[in-house]
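Chemist: Next up, coords15.csv (CSV, C-alpha atoms).
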```csv
chain,number,residue,atom,x,y,z
C,1,MET,CA,-3.3,-16.3,-13.6
C,2,LYS,CA,-3.9,-12.6,-14.0
C,3,VAL,CA,-2.0,-10.1,-11.8
C,4,LEU,CA,-2.5,-6.4,-11.3
C,5,ALA,CA,-0.4,-4.2,-9.0
C,6,TRP,CA,-2.3,-1.1,-7.8
C,7,PRO,CA,-1.5,1.7,-5.4
C,8,ALA,CA,-3.0,1.2,-1.9
C,9,ASN,CA,-4.4,4.8,-1.9
C,10,LEU,CA,-6.4,4.0,-5.0
C,11,ALA,CA,-10.0,3.2,-4.1
C,12,PRO,CA,-11.9,1.1,-4.6
C,13,ALA,CA,-9.9,-2.1,-5.2
C,14,PRO,CA,-10.1,-3.6,-8.6
C,15,LYS,CA,-13.0,-6.1,-9.3
C,16,ALA,CA,-12.6,-9.6,-10.7
C,17,GLU,CA,-14.4,-8.5,-13.9
C,18,GLU,CA,-11.7,-5.9,-14.5
C,19,MET,CA,-9.0,-8.5,-14.3
C,20,THR,CA,-10.0,-10.0,-17.6
C,21,TYR,CA,-8.3,-7.2,-19.4
C,22,VAL,CA,-4.9,-7.3,-17.6
C,23,GLU,CA,-1.8,-9.3,-18.8
C,24,PRO,CA,-1.3,-12.8,-17.5
C,25,ALA,CA,1.5,-14.0,-15.3
C,26,ALA,CA,3.8,-16.8,-16.6
C,27,CYS,CA,3.1,-19.9,-14.6
C,28,GLU,CA,5.0,-23.2,-14.5
C,29,PRO,CA,4.0,-26.4,-12.6
C,30,SER,CA,6.0,-26.8,-9.4
C,31,GLY,CA,4.3,-29.9,-7.9
C,32,ALA,CA,1.2,-32.0,-8.3
C,33,ASP,CA,-1.3,-29.3,-7.3
C,34,THR,CA,0.9,-26.1,-7.4
C,35,ALA,CA,2.5,-23.7,-9.8
C,36,ARG,CA,5.1,-21.0,-9.6
C,37,CYS,CA,4.0,-17.8,-11.3
C,38,THR,CA,6.1,-14.7,-12.2
C,39,TYR,CA,5.0,-11.4,-13.5
C,40,THR,CA,7.3,-8.7,-14.9
C,41,VAL,CA,6.2,-5.1,-15.6
C,42,LYS,CA,8.2,-3.3,-18.2
C,43,ILE,CA,8.1,0.5,-17.7
C,44,THR,CA,10.3,3.4,-18.6
C,45,ALA,CA,12.4,5.4,-16.1
C,46,ALA,CA,9.9,8.3,-16.5
C,47,GLU,CA,7.0,6.0,-15.8
C,48,ALA,CA,8.8,4.7,-12.7
C,49,ALA,CA,9.5,8.2,-11.5
C,50,ASP,CA,5.8,9.1,-11.9
C,51,SER,CA,4.5,6.0,-10.1
C,52,PRO,CA,2.9,6.7,-6.7
C,53,LYS,CA,5.3,6.1,-3.8
C,54,GLY,CA,4.2,4.1,-0.8
C,55,ALA,CA,2.2,1.0,-0.3
C,56,TRP,CA,0.9,-1.0,-3.2
C,57,HIS,CA,-1.3,-4.2,-3.4
C,58,VAL,CA,-1.3,-7.0,-5.9
C,59,ALA,CA,-4.7,-8.3,-7.1
C,60,VAL,CA,-4.8,-11.9,-8.4
C,61,LEU,CA,-7.4,-13.8,-10.5
C,62,ALA,CA,-6.7,-17.5,-10.8
C,63,SER,CA,-8.7,-19.4,-13.3
C,64,ALA,CA,-8.8,-23.3,-13.3
C,65,LYS,CA,-9.2,-25.5,-16.4
C,66,ASP,CA,-12.6,-26.6,-15.1
C,67,GLY,CA,-13.9,-23.0,-15.2
C,68,GLY,CA,-13.5,-22.3,-11.4
C,69,ARG,CA,-12.1,-18.9,-10.5
C,70,THR,CA,-10.7,-17.3,-7.4
C,71,PHE,CA,-10.1,-13.6,-7.0
C,72,VAL,CA,-8.1,-11.9,-4.2
C,73,PRO,CA,-7.9,-8.1,-4.5
C,74,GLU,CA,-5.0,-7.8,-2.0
C,75,ALA,CA,-3.1,-11.1,-2.4
C,76,ALA,CA,0.3,-9.4,-1.7
C,77,ASP,CA,1.7,-6.1,-0.7
C,78,PHE,CA,4.9,-4.1,-1.5
C,79,THR,CA,6.3,-0.6,-1.1
C,80,VAL,CA,7.6,1.7,-3.8
C,81,GLY,CA,10.3,3.9,-2.3
C,82,GLY,CA,11.1,7.4,-3.2
```
Output the file's structure in the form of structure tokens.
Modeler:
Amino acid sequence: MKVLAWPANLAPAPKAEEMTYVEPAACEPSGADTARCTYTVKITAAEAADSPKGAWHVAVLASAKDGGRTFVPEAADFTVGG
């Protein structure tokens, strides 16, 4: 599972091919056909202060053991306050 948070005002949305280069989320099985994945971004206070405020999206690329892939450029949303 690859995860990328990106500001909503950034256009265009990331493409699946670009997700190859982002860090993976940590996933653990949580059922027969499911997993729970977490992703933590470590940034400095200065980086946080410089991050764009407002709406952000989370792009997700899920890859299966059989080679199948699913890409969702706006799988989740959150807001960075200011």
Chemist: My list of candidates is C:Ala55, C:Cys27, C:Met19, C:Ala32. Which is closest to Pro7 (chain C) when distances are computed with only C-alpha atoms?
Modeler: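 Smallest separation from Pro7 (chain C) among the options: C:Ala55.
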Chemist: Rounded to one decimal place, report the CA of Val22 (chain C)-CA of Asp50 (chain C) distance in Å.
Modeler: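 Straight-line distance from CA of Val22 (chain C) to CA of Asp50 (chain C) works out to 20.4 Å.
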Chemist: Please measure the separation of CA of Arg69 (chain C) and CA of Ile43 (chain C), giving the value in Å to one decimal.
Modeler: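 According to the coordinates, CA of Arg69 (chain C) and CA of Ile43 (chain C) are separated by 28.9 Å.
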Chemist: Measure the distance from CA of Pro73 (chain C) to CA of Val60 (chain C) in Å and round it to one decimal.
Modeler: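 CA of Val60 (chain C) lies 6.3 Å from CA of Pro73 (chain C).
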Chemist: For Ala13 (chain C), please output as number ranges by chain all residues within 12 Å (counting only C-alpha atoms; exclusion window: fewer than 2 positions along the same chain).
Modeler: C: 4-11, 15-19, 56-60, 71-75
Chemist: Here's a test: counting only C-alpha atoms, identify every protein, DNA and RNA residue with an atom at most 6 Å from (1.5, -17.4, -15.9) in the file's coordinate frame, and state them as JSON, numbers by chain.
Modeler: {"C": [1, 24, 25, 26, 27, 37]}
Chemist: Kindly complete region 20-34 of chain C to N, CA and C atoms; the output should be written as a PDB file, in the coordinates of the input.
Modeler:
```pdb
ATOM      1  N   THR C  20      -9.991  -9.365 -16.275  1.00  0.00           N
ATOM      2  CA  THR C  20     -10.000 -10.000 -17.600  1.00  0.00           C
ATOM      3  C   THR C  20      -9.124  -9.295 -18.573  1.00  0.00           C
ATOM      4  N   TYR C  21      -8.965  -7.994 -18.394  1.00  0.00           N
ATOM      5  CA  TYR C  21      -8.300  -7.200 -19.400  1.00  0.00           C
ATOM      6  C   TYR C  21      -6.774  -6.958 -19.051  1.00  0.00           C
ATOM      7  N   VAL C  22      -6.278  -7.505 -17.937  1.00  0.00           N
ATOM      8  CA  VAL C  22      -4.900  -7.300 -17.600  1.00  0.00           C
ATOM      9  C   VAL C  22      -4.034  -8.463 -18.164  1.00  0.00           C
ATOM     10  N   GLU C  23      -2.728  -8.247 -18.247  1.00  0.00           N
ATOM     11  CA  GLU C  23      -1.800  -9.300 -18.800  1.00  0.00           C
ATOM     12  C   GLU C  23      -1.691 -10.439 -17.836  1.00  0.00           C
ATOM     13  N   PRO C  24      -1.461 -11.625 -18.391  1.00  0.00           N
ATOM     14  CA  PRO C  24      -1.300 -12.800 -17.500  1.00  0.00           C
ATOM     15  C   PRO C  24       0.117 -12.916 -16.967  1.00  0.00           C
ATOM     16  N   ALA C  25       0.219 -13.602 -15.852  1.00  0.00           N
ATOM     17  CA  ALA C  25       1.500 -14.000 -15.300  1.00  0.00           C
ATOM     18  C   ALA C  25       1.965 -15.259 -16.025  1.00  0.00           C
ATOM     19  N   ALA C  26       3.260 -15.528 -16.026  1.00  0.00           N
ATOM     20  CA  ALA C  26       3.800 -16.800 -16.600  1.00  0.00           C
ATOM     21  C   ALA C  26       3.869 -17.803 -15.497  1.00  0.00           C
ATOM     22  N   CYS C  27       3.185 -18.915 -15.685  1.00  0.00           N
ATOM     23  CA  CYS C  27       3.100 -19.900 -14.600  1.00  0.00           C
ATOM     24  C   CYS C  27       3.710 -21.257 -15.151  1.00  0.00           C
ATOM     25  N   GLU C  28       4.441 -21.924 -14.259  1.00  0.00           N
ATOM     26  CA  GLU C  28       5.000 -23.200 -14.500  1.00  0.00           C
ATOM     27  C   GLU C  28       4.661 -24.173 -13.405  1.00  0.00           C
ATOM     28  N   PRO C  29       4.319 -25.423 -13.711  1.00  0.00           N
ATOM     29  CA  PRO C  29       4.000 -26.400 -12.600  1.00  0.00           C
ATOM     30  C   PRO C  29       5.211 -26.546 -11.715  1.00  0.00           C
ATOM     31  N   SER C  30       4.916 -26.637 -10.413  1.00  0.00           N
ATOM     32  CA  SER C  30       6.000 -26.800  -9.400  1.00  0.00           C
ATOM     33  C   SER C  30       5.638 -27.931  -8.434  1.00  0.00           C
ATOM     34  N   GLY C  31       4.721 -28.785  -8.800  1.00  0.00           N
ATOM     35  CA  GLY C  31       4.300 -29.900  -7.900  1.00  0.00           C
ATOM     36  C   GLY C  31       2.966 -30.411  -8.474  1.00  0.00           C
ATOM     37  N   ALA C  32       2.428 -31.396  -7.790  1.00  0.00           N
ATOM     38  CA  ALA C  32       1.200 -32.000  -8.300  1.00  0.00           C
ATOM     39  C   ALA C  32       0.032 -31.051  -8.352  1.00  0.00           C
ATOM     40  N   ASP C  33      -0.119 -30.188  -7.367  1.00  0.00           N
ATOM     41  CA  ASP C  33      -1.300 -29.300  -7.300  1.00  0.00           C
ATOM     42  C   ASP C  33      -0.822 -27.811  -7.176  1.00  0.00           C
ATOM     43  N   THR C  34       0.395 -27.490  -7.594  1.00  0.00           N
ATOM     44  CA  THR C  34       0.900 -26.100  -7.400  1.00  0.00           C
ATOM     45  C   THR C  34       1.594 -25.628  -8.665  1.00  0.00           C
TER      46      THR C  34
END
```
